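Text of entry.txt, listed as compact mmCIF, C-alpha atoms:
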```txt
# COMPACT_ATOMS: atom_id res chain seq x y z
CA MET A 23 0.00 0.00 0.00
CA GLN A 24 2.60 2.52 1.10
CA ARG A 25 4.77 2.14 -2.01
CA PHE A 26 1.96 3.15 -4.37
CA VAL A 27 0.88 6.08 -2.19
CA VAL A 28 4.49 7.31 -2.17
CA ALA A 29 4.85 6.67 -5.90
CA GLY A 30 1.57 8.48 -6.57
CA ALA A 31 2.52 11.47 -4.45
CA ILE A 32 5.97 11.78 -6.04
CA THR A 33 4.51 11.29 -9.51
CA ALA A 34 1.92 14.02 -8.83
CA LEU A 35 4.65 16.33 -7.49
CA LEU A 36 6.69 15.74 -10.66
CA SER A 37 3.64 16.38 -12.83
CA VAL A 38 3.10 19.77 -11.21
CA ALA A 39 6.80 20.66 -11.45
CA ILE A 40 7.07 19.54 -15.09
CA GLY A 41 3.85 21.36 -15.96
CA ALA A 42 5.02 24.57 -14.30
CA PHE A 43 8.38 24.30 -16.05
CA GLY A 44 6.60 23.96 -19.38
CA ALA A 45 4.22 26.83 -18.73
CA HIS A 46 6.90 29.24 -17.52
CA MET A 47 10.07 28.21 -19.31
CA LEU A 48 9.04 26.54 -22.54
CA GLU A 49 5.97 28.44 -23.75
CA ASP A 50 8.02 30.83 -25.91
CA ARG A 51 10.55 28.17 -26.95
CA LEU A 52 8.32 25.39 -28.26
CA SER A 53 6.07 25.39 -31.28
CA GLU A 54 2.34 25.29 -30.67
CA TYR A 55 2.34 21.62 -31.71
CA ALA A 56 5.23 20.71 -29.38
CA MET A 57 3.59 22.59 -26.50
CA GLY A 58 0.38 20.64 -27.09
CA VAL A 59 2.34 17.37 -27.00
CA TYR A 60 4.03 18.46 -23.77
CA GLU A 61 0.71 19.47 -22.17
CA THR A 62 -0.83 16.11 -23.11
CA GLY A 63 2.06 14.43 -21.31
CA VAL A 64 1.43 16.53 -18.20
CA GLN A 65 -2.30 15.84 -18.26
CA TYR A 66 -1.91 12.06 -18.48
CA HIS A 67 0.92 12.19 -15.95
CA MET A 68 -1.32 13.80 -13.31
CA ILE A 69 -4.36 11.63 -14.02
CA HIS A 70 -2.30 8.50 -13.56
CA ALA A 71 -0.55 9.88 -10.47
CA VAL A 72 -4.04 10.07 -8.94
CA GLY A 73 -4.61 6.52 -10.18
CA LEU A 74 -1.51 5.40 -8.28
CA LEU A 75 -2.85 7.08 -5.14
CA LEU A 76 -6.14 5.25 -5.69
CA VAL A 77 -4.36 1.91 -6.01
CA GLY A 78 -2.40 2.63 -2.84
CA ALA A 79 -5.55 3.55 -0.93
CA LEU A 80 -7.52 0.50 -2.08
CA ILE A 81 -4.91 -2.23 -2.38
CA ASP A 82 -5.57 -3.83 1.02
CA ARG A 83 -9.34 -3.65 0.56
CA LEU A 84 -9.57 -5.40 -2.80
CA PRO A 85 -10.23 -9.12 -3.23
CA SER A 86 -7.23 -9.56 -5.54
CA ARG A 87 -4.20 -7.79 -4.11
CA LYS A 88 -2.03 -9.34 -6.82
CA LEU A 89 -4.01 -7.67 -9.61
CA ALA A 90 -4.02 -4.38 -7.69
CA VAL A 91 -0.22 -4.54 -7.45
CA TRP A 92 -0.05 -5.18 -11.20
CA ALA A 93 -2.34 -2.18 -11.71
CA GLY A 94 0.02 0.07 -9.75
CA TRP A 95 3.13 -1.04 -11.61
CA LEU A 96 1.41 -0.74 -14.98
CA LEU A 97 0.16 2.78 -14.23
CA LEU A 98 3.66 3.79 -13.17
CA ALA A 99 5.16 2.24 -16.30
CA GLY A 100 2.58 4.08 -18.37
CA VAL A 101 3.60 7.42 -16.88
CA VAL A 102 7.24 6.76 -17.68
CA LEU A 103 6.61 5.47 -21.20
CA PHE A 104 3.66 7.63 -22.29
CA SER A 105 4.33 10.96 -20.61
CA GLY A 106 8.10 10.53 -20.68
CA SER A 107 8.11 9.92 -24.42
CA LEU A 108 5.83 12.92 -25.01
CA TYR A 109 8.07 15.20 -22.95
CA THR A 110 11.12 13.99 -24.81
CA LEU A 111 9.39 14.26 -28.18
CA ALA A 112 8.29 17.84 -27.46
CA LEU A 113 11.74 18.89 -26.28
CA THR A 114 13.90 17.11 -28.86
CA ASP A 115 11.62 16.68 -31.89
CA VAL A 116 12.97 13.12 -32.28
CA LYS A 117 9.96 11.62 -34.07
CA GLU A 118 11.07 8.02 -33.49
CA LEU A 119 10.10 8.42 -29.84
CA GLY A 120 6.50 8.47 -31.00
CA ALA A 121 6.78 4.69 -31.28
CA VAL A 122 7.20 4.43 -27.49
CA THR A 123 4.08 6.43 -26.63
CA PRO A 124 1.56 3.71 -27.56
CA LEU A 125 3.36 1.26 -25.28
CA GLY A 126 2.66 3.65 -22.42
CA GLY A 127 -0.96 3.88 -23.52
CA VAL A 128 -1.25 0.10 -23.47
CA ALA A 129 0.28 0.07 -19.97
CA PHE A 130 -2.34 2.61 -18.84
CA ILE A 131 -5.17 0.53 -20.29
CA ALA A 132 -3.81 -2.69 -18.79
CA GLY A 133 -3.36 -0.97 -15.42
CA TRP A 134 -6.94 0.25 -15.28
CA LEU A 135 -8.16 -3.17 -16.43
CA CYS A 136 -6.15 -4.88 -13.67
CA LEU A 137 -7.60 -2.46 -11.12
CA ALA A 138 -11.13 -3.23 -12.32
CA MET A 139 -10.46 -6.97 -12.27
CA SER A 140 -8.95 -6.74 -8.78
CA THR A 141 -12.41 -5.96 -7.43
CA ARG A 142 -13.68 -9.43 -8.29
CA ALA A 143 -13.28 -12.18 -5.75
CA PRO A 144 -11.47 -15.25 -7.08
CA LYS A 145 -13.75 -18.10 -8.13
CA ARG A 146 -14.05 -20.86 -5.58
CA ARG A 147 -13.30 -24.39 -6.71
```
Take the structure from the file and write it as C-alpha cells.
Amino acid sequence: MQRFVVAGAITALLSVAIGAFGAHMLEDRLSEYAMGVYETGVQYHMIHAVGLLLVGALIDRLPSRKLAVWAGWLLLAGVVLFSGSLYTLALTDVKELGAVTPLGGVAFIAGWLCLAMSTRAPKRR
C-alpha cells in the first residue's frame, strides 16, 4: 500500500513541477504543436498519479491484491513510457520516440483493467 501512495505522491509532485516548467520556461521556446504534446504528457501524468494514489488507498481492501499490485506497476510504467516519451518528443523533436508512446498507452489501459479486475473475488473451486 505505502509504495503506491508514495509513488503516486511523487509522480503528482513531478507532474506539477514539469507542468510549471513547461508553462513558464518553454511556452516561448516550443512550437504550438510541441507545447500541445508536452501538455498532453502533463495531463496524463497527473491523471495517472491520482490513479496510483487510488491503487495505494484500495490495495488492502480489494479481493485480488495481486491484480491491484499489477495495476500500480502498470500505471507507473505508463507514466514513464507515455508521458516521458511525449516530454522527450516535445523537447527534442525526435519523431522516433513516437513509437514508445503507444506502449505507455497500453500500460495505462492494462493498469486500469487490472484495477477493475482486482475488485472481483477469485472463483471458488
Exercise. Work out how far atom CA of Gln24 of chain A is from atom CA of Gln65 of chain A, in Å to one decimal.
Key: 24.0 Å
Could you give me, as a tab-separated table, a per-residue list for segment 45-87 of chain A showing, wherever an atom lies at most 12 Å from an atom of segment 125-129 of chain A, the closest pair of atoms and their distance in Å to one decimal, using all atoms listed in the file and sorting by chain then residue number from low to high?
```
residue	atom	partner	partner_atom	distance
A:Gly63	CA	A:Gly126	CA	10.9
A:Tyr66	CA	A:Gly127	CA	9.7
A:His67	CA	A:Gly126	CA	10.9
A:His70	CA	A:Ala129	CA	10.9
```
Go ahead and write the residues just picked, C-alpha atoms, as a PDB file, keeping the file's coordinate frame.
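Result written to part-v8.pdb:
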```
ATOM      1  CA  GLY A  63       2.060  14.430 -21.310  1.00  0.00           C
ATOM      2  CA  TYR A  66      -1.910  12.060 -18.480  1.00  0.00           C
ATOM      3  CA  HIS A  67       0.920  12.190 -15.950  1.00  0.00           C
ATOM      4  CA  HIS A  70      -2.300   8.500 -13.560  1.00  0.00           C
TER       5      HIS A  70
END
```
Quiz item: Which distance in Å separates atom CA of Met139 of chain A and atom CA of Leu96 of chain A, to one decimal?
Solution: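 Atom-to-atom, atom CA of Met139 of chain A to atom CA of Leu96 of chain A, that is 13.7 Å.
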Quiz item: Counting only C-alpha atoms, which of A:Leu35, A:Glu118, A:Ser107, A:Arg87 gets nearest to Met68 of chain A?
Solution: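 Nearest candidate to Met68 of chain A out of A:Leu35, A:Glu118, A:Ser107, A:Arg87: A:Leu35.
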Exercise. Between A:Ala39, A:Leu75, A:Tyr60, A:Ser105, single out the one closest to Ala90 of chain A, counting only C-alpha atoms.
Key: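 Checking each candidate against Ala90 of chain A, we get A:Leu75 as the closest.
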Quiz item: Can you tell me how far atom CA of Arg142 of chain A sits from atom CA of Thr33 of chain A, in Å to one decimal?
Solution: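 Going from atom CA of Arg142 of chain A over to atom CA of Thr33 of chain A, I get 27.6 Å.
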Quiz item: Which residue, A:Ile131, A:Val28, A:Thr123, A:Ala45, has the smallest gap to Thr110 of chain A when you use only C-alpha atoms?
Solution: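 Comparing A:Ile131, A:Val28, A:Thr123, A:Ala45 against Thr110 of chain A, the winner is A:Thr123.
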Practice problem: Find the residues around segment 113-115 of chain A up to 12 Å (all atoms listed in the file counted), leave out those fewer than 6 positions away in its own chain, and share them as a list in words. | Solution: Gly44, Met47, Leu48, Glu49, Arg51, Leu52, Ser53, Tyr55, Ala56, Met57, Gly58, Val59, Tyr60, Glu61, Gly63, Gly106 and Ser107 of chain A
